[in-house]
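Enquirer: Sending over a structure as structure tokens; questions will come in a sec.
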Amino acid sequence: MEAVGLGALLAGKLFTVILPIIFLGLTTWMSWRIMVKAGFPGYLGLFNITGIIPGVGWIIWTILLWVFAFIQWPRDGASAPRVAYQSPAGPLPPQGLPPQGLPPLPPGPATPQALPPPPAQLPPPTAIGWVLSGALPNGTPLRFAFDESRQVLTIGAPAAPADLTIIDGSIGAPHARLHILPGRLGLEDLGTSGGTWIDGAPLLPVNGIREITNSRELRFGAVTLTLARA
Amino acid sequence: MDDKTAFAWLLGAGVFVVILGIIAYLVVMVLALIIPTWRICNRAGYSGAMSLLHLIPGVGTLIVFAILAFGTWPAGEATARPPQPGAR
């Protein structure tokens, strides 16, 4: 009798209590993950719980959804500290490299080592081109040569337009961006799950553009490339 | 007014109310949910049209949330991690 009573009670509460709680739990879990992917602390996903407030809950929930949609996301790197670039050759073009004395990497979970400090004095621009060479994980050789005719080159998988295309599952579309100035090179990670590393140190979207003029090894996902002057 | 005419009037009014309700539902959905979700999907690298899944009653919102939460964002995520050895 008790079992039947319990079953009837559960059936009676199925649509009014049990399913809404499951729905709320699922959506809150998803909100947590979405927040983390956007670069926010995951607990901000708990805003989803406001939806159960009687009466005005859905209005608050909707307002917070709008706020989330239109505010700056840390993933976009807009909040990363940037210092005005002082080029010895003249004023900064619209998409220039950051200067010497770059800000350190913020403390993060995936920071095995700090990026090496930039050189006190950059070498004079003697070369007019760069070469990225290496191989895919399956052994296929890769070689990209580019000059300074363009200021920005996109690196990515063929799923989206990219200037330097790498066919590998660990490469995002787009994955990273190279910023080119006379004799200088910068790298910006675009936040894909594969990740980007400069000489073994992770480059995060919040780091913005990092100078790689004197760097040797760049890693995009599972693909490691060596940087050299042409 | 005979019974037939009264029935026709009632039927017409009922259909009108239902259509009005659907339009109101769509307007509220578009203004409240689809516009911000469209932007969120775009920023994640998905097509903004994915936000139209909100129009599926009941599970539409769940589907959009699930794709955003568990799919790999084409525009990149803030949770970059070094790939595991042997992983692709």
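So you can find residues: chains in the structure tokens are A, B, ... in the order shown, residues in each start at 1, and ligands are numbered from 1 in order.
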Enumerate as a PDB file with N, CA and C atoms, in the first residue's frame all residues of region 157-189 of chain A assigned to strand (DSSP E or B) by DSSP on the backbone, naming them with the chain letters and numbers the document uses.

Expert:
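Output contents, as saved in result-v3.pdb:
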ATOM      1  N   LEU A 164      46.955  30.786 -43.431  1.00  0.00           N
ATOM      2  CA  LEU A 164      47.827  29.626 -43.280  1.00  0.00           C
ATOM      3  C   LEU A 164      46.949  28.487 -42.788  1.00  0.00           C
ATOM      4  N   THR A 165      46.692  27.533 -43.655  1.00  0.00           N
ATOM      5  CA  THR A 165      45.767  26.448 -43.340  1.00  0.00           C
ATOM      6  C   THR A 165      46.527  25.221 -42.850  1.00  0.00           C
ATOM      7  N   ALA A 176      44.579  31.002 -34.618  1.00  0.00           N
ATOM      8  CA  ALA A 176      45.454  32.059 -34.097  1.00  0.00           C
ATOM      9  C   ALA A 176      45.681  33.093 -35.188  1.00  0.00           C
ATOM     10  N   ARG A 177      46.293  34.192 -34.792  1.00  0.00           N
ATOM     11  CA  ARG A 177      46.514  35.275 -35.738  1.00  0.00           C
ATOM     12  C   ARG A 177      47.951  35.764 -35.600  1.00  0.00           C
ATOM     13  N   LEU A 178      48.632  35.896 -36.727  1.00  0.00           N
ATOM     14  CA  LEU A 178      49.986  36.448 -36.746  1.00  0.00           C
ATOM     15  C   LEU A 178      49.906  37.932 -37.080  1.00  0.00           C
ATOM     16  N   HIS A 179      50.618  38.733 -36.319  1.00  0.00           N
ATOM     17  CA  HIS A 179      50.664  40.173 -36.577  1.00  0.00           C
ATOM     18  C   HIS A 179      52.081  40.524 -37.018  1.00  0.00           C
ATOM     19  N   ILE A 180      52.183  41.158 -38.142  1.00  0.00           N
ATOM     20  CA  ILE A 180      53.481  41.360 -38.771  1.00  0.00           C
ATOM     21  C   ILE A 180      53.790  42.847 -38.865  1.00  0.00           C
ATOM     22  N   LEU A 181      54.972  43.195 -38.388  1.00  0.00           N
ATOM     23  CA  LEU A 181      55.538  44.533 -38.568  1.00  0.00           C
ATOM     24  C   LEU A 181      56.929  44.356 -39.166  1.00  0.00           C
ATOM     25  N   ARG A 184      59.421  42.355 -37.114  1.00  0.00           N
ATOM     26  CA  ARG A 184      58.817  41.898 -35.859  1.00  0.00           C
ATOM     27  C   ARG A 184      57.580  41.063 -36.147  1.00  0.00           C
ATOM     28  N   LEU A 185      57.324  40.163 -35.218  1.00  0.00           N
ATOM     29  CA  LEU A 185      56.206  39.249 -35.403  1.00  0.00           C
ATOM     30  C   LEU A 185      55.473  39.082 -34.074  1.00  0.00           C
ATOM     31  N   GLY A 186      54.167  39.068 -34.138  1.00  0.00           N
ATOM     32  CA  GLY A 186      53.357  38.863 -32.944  1.00  0.00           C
ATOM     33  C   GLY A 186      52.368  37.735 -33.168  1.00  0.00           C
ATOM     34  N   LEU A 187      51.940  37.127 -32.072  1.00  0.00           N
ATOM     35  CA  LEU A 187      51.006  36.004 -32.171  1.00  0.00           C
ATOM     36  C   LEU A 187      49.864  36.232 -31.194  1.00  0.00           C
ATOM     37  N   GLU A 188      48.669  35.929 -31.664  1.00  0.00           N
ATOM     38  CA  GLU A 188      47.469  36.086 -30.833  1.00  0.00           C
ATOM     39  C   GLU A 188      46.661  34.802 -30.907  1.00  0.00           C
ATOM     40  N   ASP A 189      46.337  34.259 -29.761  1.00  0.00           N
ATOM     41  CA  ASP A 189      45.510  33.052 -29.726  1.00  0.00           C
ATOM     42  C   ASP A 189      44.037  33.459 -29.786  1.00  0.00           C
TER      43      ASP A 189
END

Enquirer: So that I can see what lies close to Gly134 (chain A), please list as a list of chain:residue names the residues with an atom at most 6 Å from it, counting only C-alpha atoms and leaving out residues fewer than 2 positions away in the same chain.

Expert: A:Pro141, A:Leu142, A:Leu225

Enquirer: Kindly determine which residues of chain A lie within 9 Å of chain B, considering only C-alpha atoms, and give the answer as a PyMOL selection string.

Expert: chain A and resi 23+26-27+29-40+59+62-63+65-70+74-76+110+137+168-170+172-175+190-197+202+204-206+221-222

Enquirer: Could you tell me how far CA of Trp130 (chain A) sits from CA of Phe146 (chain A), in Å to one decimal place?

Expert: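 Spanning CA of Phe146 (chain A) to CA of Trp130 (chain A) is a straight-line distance of 5.5 Å.
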